[in-house]
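Source file: coords-v6.tsv (TSV, C-alpha atoms)
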```tsv
chain	number	residue	atom	x	y	z
I	30	MET	CA	-45.10	16.79	33.79
I	31	SER	CA	-42.09	18.96	32.93
I	32	THR	CA	-39.49	19.68	35.51
I	33	VAL	CA	-37.70	22.99	35.86
I	34	ALA	CA	-34.00	22.91	36.73
I	35	ALA	CA	-33.13	24.62	39.93
I	36	PRO	CA	-31.15	27.84	39.41
I	37	LEU	CA	-27.48	27.78	40.32
I	38	PRO	CA	-26.43	29.48	43.52
I	39	PRO	CA	-25.20	33.04	42.94
I	40	ALA	CA	-21.68	32.14	44.09
I	41	VAL	CA	-21.45	29.29	41.55
I	42	ALA	CA	-23.03	31.22	38.67
I	43	GLN	CA	-20.65	34.16	39.04
I	44	THR	CA	-17.43	32.10	39.41
I	45	PRO	CA	-15.20	32.82	36.36
I	46	LEU	CA	-13.61	29.93	34.51
I	47	PRO	CA	-9.88	29.43	35.05
I	48	PRO	CA	-7.64	30.65	32.22
I	49	ILE	CA	-6.68	28.08	29.62
I	50	ASN	CA	-3.08	26.94	29.88
I	51	ARG	CA	-1.78	27.10	26.30
I	52	ARG	CA	1.82	26.30	27.16
I	53	PRO	CA	1.58	22.55	26.34
I	54	LEU	CA	-0.01	23.38	22.98
I	55	ARG	CA	2.65	25.96	22.14
I	56	ARG	CA	5.37	23.53	23.25
I	57	ARG	CA	3.95	20.81	21.02
I	58	ARG	CA	3.83	23.20	18.08
I	59	ARG	CA	7.45	24.19	18.63
I	60	ILE	CA	8.49	20.53	18.81
I	61	ARG	CA	6.64	19.73	15.60
I	62	ALA	CA	8.15	22.74	13.85
I	63	ALA	CA	11.62	21.66	14.97
I	64	GLN	CA	10.98	18.14	13.74
I	65	GLN	CA	9.87	19.46	10.36
I	66	LEU	CA	12.97	21.65	10.09
I	67	ILE	CA	15.23	18.73	10.97
I	68	ALA	CA	13.47	16.52	8.41
I	69	ILE	CA	13.85	19.20	5.73
I	70	ALA	CA	17.53	19.67	6.61
I	71	LEU	CA	18.21	15.92	6.40
I	72	THR	CA	16.34	15.69	3.10
I	73	LEU	CA	18.39	18.54	1.63
I	74	PHE	CA	21.60	17.04	3.03
I	75	THR	CA	20.97	13.75	1.22
I	76	GLY	CA	18.99	15.02	-1.77
I	77	VAL	CA	21.09	17.96	-2.94
I	78	PRO	CA	24.23	15.88	-3.75
I	79	ILE	CA	22.10	13.36	-5.67
I	80	TYR	CA	20.47	16.21	-7.58
I	81	LEU	CA	23.82	17.80	-8.44
I	82	ILE	CA	25.25	14.46	-9.60
I	83	ALA	CA	22.18	13.84	-11.78
I	84	LEU	CA	22.36	17.39	-13.15
I	85	SER	CA	26.02	16.96	-14.09
I	86	ALA	CA	25.47	13.49	-15.53
I	87	PHE	CA	22.81	14.76	-17.94
I	88	SER	CA	24.49	18.06	-18.85
I	89	THR	CA	26.44	18.79	-22.00
I	90	ARG	CA	30.20	19.06	-21.84
I	91	ALA	CA	29.95	22.79	-22.44
I	92	GLU	CA	27.73	23.14	-19.38
I	93	LEU	CA	30.13	21.07	-17.28
I	94	ASN	CA	33.03	23.31	-18.24
I	95	ARG	CA	31.10	26.53	-17.71
I	96	PHE	CA	31.74	28.58	-14.57
I	97	PRO	CA	29.74	29.36	-12.54
I	98	LYS	CA	27.57	26.32	-13.07
I	99	ALA	CA	23.79	26.64	-13.08
I	100	LEU	CA	21.70	24.97	-10.40
I	101	TRP	CA	18.95	24.08	-12.88
I	102	PRO	CA	19.05	22.12	-16.16
I	103	ARG	CA	20.06	24.26	-19.12
I	104	GLY	CA	21.80	21.98	-21.55
I	105	VAL	CA	20.23	18.56	-21.01
I	106	SER	CA	21.94	15.76	-22.89
I	107	THR	CA	22.22	11.99	-22.58
I	108	THR	CA	25.54	11.84	-24.37
I	109	THR	CA	27.53	11.55	-21.16
I	110	MET	CA	25.48	8.63	-19.87
I	111	ARG	CA	25.56	6.88	-23.25
I	112	ASP	CA	29.32	7.24	-23.44
I	113	PHE	CA	29.68	5.93	-19.90
I	114	LEU	CA	27.42	2.92	-20.45
I	115	GLY	CA	29.23	2.23	-23.71
I	116	SER	CA	32.66	2.24	-22.08
I	117	THR	CA	34.55	-1.01	-21.88
I	118	GLY	CA	33.60	-3.13	-18.88
I	119	VAL	CA	30.80	-0.93	-17.52
I	120	VAL	CA	27.82	-3.13	-18.43
I	121	PRO	CA	29.51	-6.38	-17.25
I	122	ALA	CA	30.50	-4.60	-14.03
I	123	PHE	CA	26.91	-3.46	-13.54
I	124	ILE	CA	25.66	-7.03	-14.01
I	125	ASN	CA	28.30	-8.30	-11.58
I	126	SER	CA	27.19	-5.74	-8.97
I	127	VAL	CA	23.55	-6.83	-9.27
I	128	GLU	CA	24.49	-10.50	-9.04
I	129	VAL	CA	26.76	-9.93	-6.05
I	130	GLY	CA	24.17	-7.77	-4.26
I	131	LEU	CA	21.33	-10.24	-4.69
I	132	ALA	CA	23.53	-13.24	-3.87
I	133	THR	CA	24.83	-11.49	-0.75
I	134	LEU	CA	21.26	-10.72	0.29
I	135	VAL	CA	20.20	-14.36	-0.11
I	136	VAL	CA	23.25	-15.81	1.65
I	137	SER	CA	23.10	-13.38	4.56
I	138	LEU	CA	19.39	-14.03	5.11
I	139	LEU	CA	19.70	-17.81	4.82
I	140	VAL	CA	22.49	-17.84	7.39
I	141	GLY	CA	21.69	-14.79	9.50
I	142	ALA	CA	17.93	-15.18	9.94
I	143	PRO	CA	18.13	-18.63	11.62
I	144	ALA	CA	20.93	-17.32	13.84
I	145	GLY	CA	18.81	-14.30	14.76
I	146	TYR	CA	15.86	-16.56	15.53
I	147	ALA	CA	18.03	-18.73	17.78
I	148	ILE	CA	19.25	-15.67	19.69
I	149	ALA	CA	15.70	-14.35	20.08
I	150	ARG	CA	14.03	-17.60	21.18
I	151	HIS	CA	16.68	-19.63	22.99
I	152	VAL	CA	18.66	-18.85	26.12
I	153	PHE	CA	22.13	-20.38	26.05
I	154	ARG	CA	25.41	-19.77	27.73
I	155	GLY	CA	27.41	-16.98	26.11
I	156	ARG	CA	24.53	-15.42	24.20
I	157	SER	CA	25.41	-11.86	25.23
I	158	ALA	CA	29.09	-12.45	24.51
I	159	TYR	CA	28.18	-13.82	21.09
I	160	GLN	CA	26.19	-10.70	20.22
I	161	LEU	CA	29.07	-8.51	21.39
I	162	PHE	CA	31.46	-10.56	19.27
I	163	LEU	CA	29.27	-9.91	16.23
I	164	LEU	CA	29.61	-6.19	16.82
I	165	PHE	CA	33.40	-6.51	17.14
I	166	THR	CA	33.64	-8.20	13.75
I	167	ARG	CA	32.18	-5.07	12.12
I	168	SER	CA	34.99	-2.98	13.60
I	169	LEU	CA	37.67	-4.76	11.57
I	170	PRO	CA	38.77	-2.76	8.50
I	171	VAL	CA	38.09	-4.45	5.19
I	172	VAL	CA	41.68	-3.98	4.08
I	173	VAL	CA	42.86	-6.13	7.00
I	174	LEU	CA	40.71	-9.01	5.77
I	175	SER	CA	41.21	-8.54	2.04
I	176	ILE	CA	44.83	-9.67	1.76
I	177	PRO	CA	44.38	-12.97	3.68
I	178	LEU	CA	41.16	-13.61	1.78
I	179	ALA	CA	42.84	-12.95	-1.54
I	180	THR	CA	45.56	-15.47	-0.65
I	181	MET	CA	42.97	-18.06	0.40
I	182	PHE	CA	40.86	-17.52	-2.72
I	183	LEU	CA	43.94	-17.93	-4.92
I	184	ARG	CA	44.66	-21.29	-3.30
I	185	PHE	CA	41.07	-22.49	-3.78
I	186	GLY	CA	40.82	-21.16	-7.33
I	187	VAL	CA	37.94	-18.71	-6.77
I	188	TYR	CA	39.96	-15.49	-7.02
I	189	ASP	CA	38.64	-12.90	-9.48
I	190	SER	CA	35.09	-14.27	-9.42
I	191	VAL	CA	31.64	-13.18	-8.36
I	192	LEU	CA	31.65	-15.94	-5.73
I	193	ALA	CA	34.69	-14.46	-3.98
I	194	VAL	CA	33.14	-11.00	-3.71
I	195	THR	CA	29.82	-12.50	-2.58
I	196	LEU	CA	31.48	-14.41	0.25
I	197	VAL	CA	33.28	-11.31	1.49
I	198	HIS	CA	30.18	-9.12	1.29
I	199	ALA	CA	28.09	-11.76	3.05
I	200	ALA	CA	30.66	-11.95	5.85
I	201	LEU	CA	30.50	-8.16	6.21
I	202	ALA	CA	26.69	-8.11	6.27
I	203	LEU	CA	26.08	-11.14	8.50
I	204	PRO	CA	26.62	-9.43	11.90
I	205	THR	CA	24.07	-6.72	11.15
I	206	THR	CA	21.65	-9.23	9.63
I	207	VAL	CA	21.82	-11.45	12.72
I	208	LEU	CA	21.31	-8.58	15.17
I	209	ILE	CA	18.45	-6.96	13.21
I	210	THR	CA	16.56	-10.20	12.68
I	211	ALA	CA	17.09	-11.18	16.34
I	212	SER	CA	15.45	-7.97	17.52
I	213	VAL	CA	12.61	-8.42	15.02
I	214	PHE	CA	11.91	-12.03	16.02
I	215	ALA	CA	12.06	-11.09	19.71
I	216	SER	CA	9.25	-8.57	19.14
I	217	VAL	CA	6.88	-11.35	18.00
I	218	PRO	CA	5.06	-12.80	21.05
I	219	VAL	CA	6.14	-16.34	21.77
I	220	GLU	CA	2.56	-17.17	22.79
I	221	LEU	CA	1.53	-17.04	19.13
I	222	GLU	CA	4.03	-19.75	18.28
I	223	GLU	CA	2.87	-21.86	21.18
I	224	ALA	CA	-0.76	-21.50	20.04
I	225	ALA	CA	0.23	-22.60	16.53
I	226	ARG	CA	1.94	-25.70	17.94
I	227	ILE	CA	-1.16	-26.51	20.00
I	228	PHE	CA	-3.21	-26.50	16.79
I	229	GLY	CA	-0.86	-28.99	15.15
I	230	CYS	CA	1.96	-26.95	13.60
I	231	THR	CA	5.51	-28.15	13.81
I	232	ASN	CA	8.27	-25.84	14.98
I	233	PHE	CA	9.13	-24.90	11.40
I	234	GLY	CA	5.45	-24.62	10.53
I	235	ALA	CA	4.84	-22.21	13.39
I	236	PHE	CA	7.82	-20.15	12.26
I	237	ARG	CA	6.68	-20.14	8.63
I	238	THR	CA	3.01	-19.36	9.25
I	239	VAL	CA	3.19	-17.10	12.31
I	240	VAL	CA	6.61	-15.59	12.95
I	241	LEU	CA	7.83	-14.99	9.41
I	242	PRO	CA	4.76	-13.06	8.12
I	243	MET	CA	4.89	-10.78	11.16
I	244	SER	CA	8.63	-10.26	10.71
I	245	ILE	CA	8.62	-9.32	7.01
I	246	PRO	CA	9.15	-5.56	7.66
I	247	GLY	CA	12.23	-6.24	9.76
I	248	VAL	CA	13.58	-8.77	7.28
I	249	ALA	CA	13.04	-6.22	4.50
I	250	ALA	CA	14.95	-3.61	6.51
I	251	SER	CA	17.82	-6.06	6.90
I	252	SER	CA	17.76	-6.84	3.17
I	253	ILE	CA	17.92	-3.11	2.35
I	254	PHE	CA	21.02	-2.69	4.47
I	255	THR	CA	22.64	-5.81	3.02
I	256	PHE	CA	22.02	-4.87	-0.62
I	257	VAL	CA	23.16	-1.27	-0.18
I	258	LEU	CA	26.27	-2.41	1.71
I	259	SER	CA	27.16	-4.86	-1.04
I	260	TRP	CA	26.41	-2.38	-3.81
I	261	ASN	CA	28.55	0.41	-2.33
I	262	GLU	CA	31.47	-1.73	-1.12
I	263	VAL	CA	34.50	-1.03	-3.28
I	264	LEU	CA	37.75	-1.93	-1.51
I	265	ALA	CA	37.33	-5.69	-1.22
I	266	ALA	CA	35.90	-5.90	-4.74
I	267	ALA	CA	38.87	-3.97	-6.13
I	268	ILE	CA	41.40	-6.20	-4.34
I	269	LEU	CA	39.72	-9.56	-5.00
I	270	THR	CA	38.94	-9.05	-8.69
I	271	LEU	CA	40.78	-8.05	-11.84
I	272	THR	CA	38.50	-8.80	-14.79
I	273	ASN	CA	35.19	-9.49	-13.00
I	274	ARG	CA	34.94	-6.21	-11.13
I	275	THR	CA	31.79	-4.77	-9.66
I	276	LEU	CA	30.63	-1.35	-10.83
I	277	PRO	CA	32.08	0.61	-7.84
I	278	ALA	CA	35.43	-1.12	-8.30
I	279	GLN	CA	35.32	-0.47	-12.04
I	280	VAL	CA	34.60	3.22	-11.51
I	281	LEU	CA	37.27	3.52	-8.80
I	282	THR	CA	40.04	1.96	-10.88
I	283	SER	CA	39.28	4.24	-13.84
I	284	LEU	CA	38.88	7.54	-11.97
I	285	ALA	CA	42.50	8.61	-12.37
I	286	THR	CA	42.42	8.43	-16.18
I	287	SER	CA	38.78	9.31	-16.86
I	288	PRO	CA	37.32	12.74	-17.72
I	289	ILE	CA	35.11	14.58	-15.28
I	290	GLU	CA	31.88	13.75	-17.12
I	291	TYR	CA	32.70	10.04	-16.78
I	292	ARG	CA	32.98	10.48	-13.00
I	293	PHE	CA	29.60	12.19	-12.71
I	294	ALA	CA	27.96	9.54	-14.89
I	295	GLY	CA	29.55	6.80	-12.80
I	296	GLY	CA	28.33	8.40	-9.59
I	297	PHE	CA	24.80	8.63	-10.96
I	298	ALA	CA	24.90	5.00	-12.11
I	299	LEU	CA	25.99	3.94	-8.62
I	300	VAL	CA	23.23	5.88	-6.84
I	301	VAL	CA	20.21	4.93	-8.96
I	302	PRO	CA	20.03	1.13	-8.31
I	303	SER	CA	20.15	1.61	-4.54
I	304	LEU	CA	17.39	4.21	-4.69
I	305	VAL	CA	15.26	1.94	-6.88
I	306	PHE	CA	15.73	-1.01	-4.53
I	307	ILE	CA	14.83	1.11	-1.49
I	308	PHE	CA	11.79	2.53	-3.30
I	309	ILE	CA	10.48	-0.95	-4.10
I	310	ILE	CA	10.48	-2.18	-0.50
I	311	ARG	CA	10.10	1.18	1.24
I	312	ARG	CA	6.71	0.18	2.65
I	313	TYR	CA	8.20	-2.70	4.61
I	314	MET	CA	10.98	-0.44	5.81
I	315	MET	CA	8.57	2.20	7.11
I	316	ASN	CA	6.45	-0.43	8.84
I	317	VAL	CA	9.42	-1.14	11.09
I	318	TRP	CA	9.11	2.44	12.38
I	319	GLY	CA	5.34	2.22	12.81
I	320	ALA	CA	4.42	4.21	9.71
I	321	THR	CA	3.05	3.26	6.32
I	322	ILE	CA	3.54	5.04	3.03
I	323	ARG	CA	0.48	4.84	0.83
```
Encoding of this model in structure tokens:
Amino acid sequence: MSTVAAPLPPAVAQTPLPPINRRPLRRRRRIRAAQQLIAIALTLFTGVPIYLIALSAFSTRAELNRFPKALWPRGVSTTTMRDFLGSTGVVPAFINSVEVGLATLVVSLLVGAPAGYAIARHVFRGRSAYQLFLLFTRSLPVVVLSIPLATMFLRFGVYDSVLAVTLVHAALALPTTVLITASVFASVPVELEEAARIFGCTNFGAFRTVVLPMSIPGVAASSIFTFVLSWNEVLAAAILTLTNRTLPAQVLTSLATSPIEYRFAGGFALVVPSLVFIFIIRRYMMNVWGATIR
């Protein structure tokens, strides 16, 4: 037997629906548009100088001397880059920069990650003061530390070596490495470690199998900062080395006597390795912010 729905009362049937409030939707659209504009502005702010350096590095000398200069490639040539890479000391300086950057990354992680884990998992007297002290060490100018370090390295016989620059760069990167890894390890629930220990893992085993895999994005972010800091640092490398200079120190010491095309080629050579390194581990970096690049 079919049932027939009772008709609505006349008062209910004739009641108009309330108007739709579109203000939250319009506000969200304005916020998204503002975010897009800010992202575009930041991209142009960082991308335009890199583009201009690359354009000048791969332009002919006639194009570099022409005024006004074009904003698009007209006379593309690799002569400038070949001359720069063929200059005396450039290739050894590039190799030294890679060695120092990777060695600084390894040293800072081997020392800073355990310190960050201790800060995140253990409560001890003076923990807050210790973290504040780490921030204070980053406020010291490099030039203040370079002269005493140069004197100490001369006494120990490690002056003008890759080891000397690595030690200085690791000391500069350690405070940030400790603080970043501490915040990353603190975000991993301690209950997961306790469950791993219940199932037979040792303390190190629980860290290796539970905490470390979940902390890889944060560790990658710390490694990005460490490598870029070491790659771009120039003052300490210029003071602590004479013949085993890194690439930034090599470019800096030759700027006064080098032609303009050499400077553009040197700038491009300094930018590319950092961009390549960031591109390789960009996925881990974006995972720290809750996004994934596919």
Report task. May I ask which of the residues I:Ile227, I:Ala250, I:Ala200, I:Val194 is the closest one to Val263 (chain I), counting all atoms listed in the file? Result ->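 Using all atoms listed in the file, the shortest distance to Val263 (chain I) belongs to I:Val194.
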Query raised in the report: Which residue out of I:Phe236, I:Trp260, I:Asn94, I:Asp112 has the minimum interatomic distance to Ser287 (chain I) when all atoms listed in the file are used?
Result: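 Selected residue with least distance to Ser287 (chain I): I:Asp112.
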Requested in this report: Can you work out which one of I:Arg57, I:Arg150, I:Arg95, I:Arg111 has the shortest atom-to-atom distance to Val217 (chain I), counting only C-alpha atoms?
Outcome: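 Going through I:Arg57, I:Arg150, I:Arg95, I:Arg111 one by one, the smallest distance to Val217 (chain I) is for I:Arg150.
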Report task. Compute the distance from (17.3, -1.2, -4.8) to each atom, counting all atoms listed in the file, keep the residues with any atom at most 12 Å away, and return them as JSON, numbers by chain; use the coordinates of the file. Result -> {"I": [126, 127, 130, 131, 134, 249, 250, 252, 253, 254, 255, 256, 257, 258, 259, 260, 261, 299, 300, 301, 302, 303, 304, 305, 306, 307, 308, 309, 310, 311]}
Requested in this report: Using all atoms listed in the file, determine which residues lie at most 10 Å from Phe297 (chain I), disregarding the query and same-chain residues fewer than 5 positions distant; provide the list as a VMD selection string.
Outcome: chain I and resid 79 to 87 110 291 to 292 302
Query - Contact residues around Thr270 (chain I) with all atoms listed in the file at 9 Å, ignoring same-chain residues under 5 positions, as a list in words - result: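 The residues satisfying every condition are Tyr188, Asp189, Ser190, Val191, Ala193, Val194, Ala265, Thr275 and Ala278 of chain I.
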Requested in this report: Give the answer as one residue: which of I:Pro48, I:Gly145, I:Pro204, I:Pro121 has the shortest atom-to-atom distance to Leu276 (chain I), using all atoms listed in the file?
Outcome: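 Smallest distance to Leu276 (chain I) is found for I:Pro121.
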**Report entry** Atomic separation - CA of Ala132 (chain I) relative to CA of Thr195 (chain I), Å
**Finding:** 6.5 Å
Query raised in the report: Any idea what the distance is between CA of Ser216 (chain I) and CA of Gly141 (chain I)?
Result: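 Here the two named atoms are 16.9 Å from each other.
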Requested in this report: Have a look at CA of Ala149 (chain I) and CA of Ala215 (chain I) and let me know their distance in Å, one decimal.
Outcome: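 Computing the Euclidean distance for CA of Ala149 (chain I) and CA of Ala215 (chain I) yields 4.9 Å.
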**Report entry** Residue nearest Asn125 (chain I) - candidates I:Val213, I:Leu192, I:Pro218, I:Leu164, atoms counted: all atoms listed in the file
**Finding:**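 For Asn125 (chain I), the nearest of the given residues is I:Leu192.
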Query raised in the report: Which is closest to Thr206 (chain I) among I:Phe113, I:Phe123, I:Tyr146, I:Trp101, if we use all atoms listed in the file?
Result: I:Tyr146
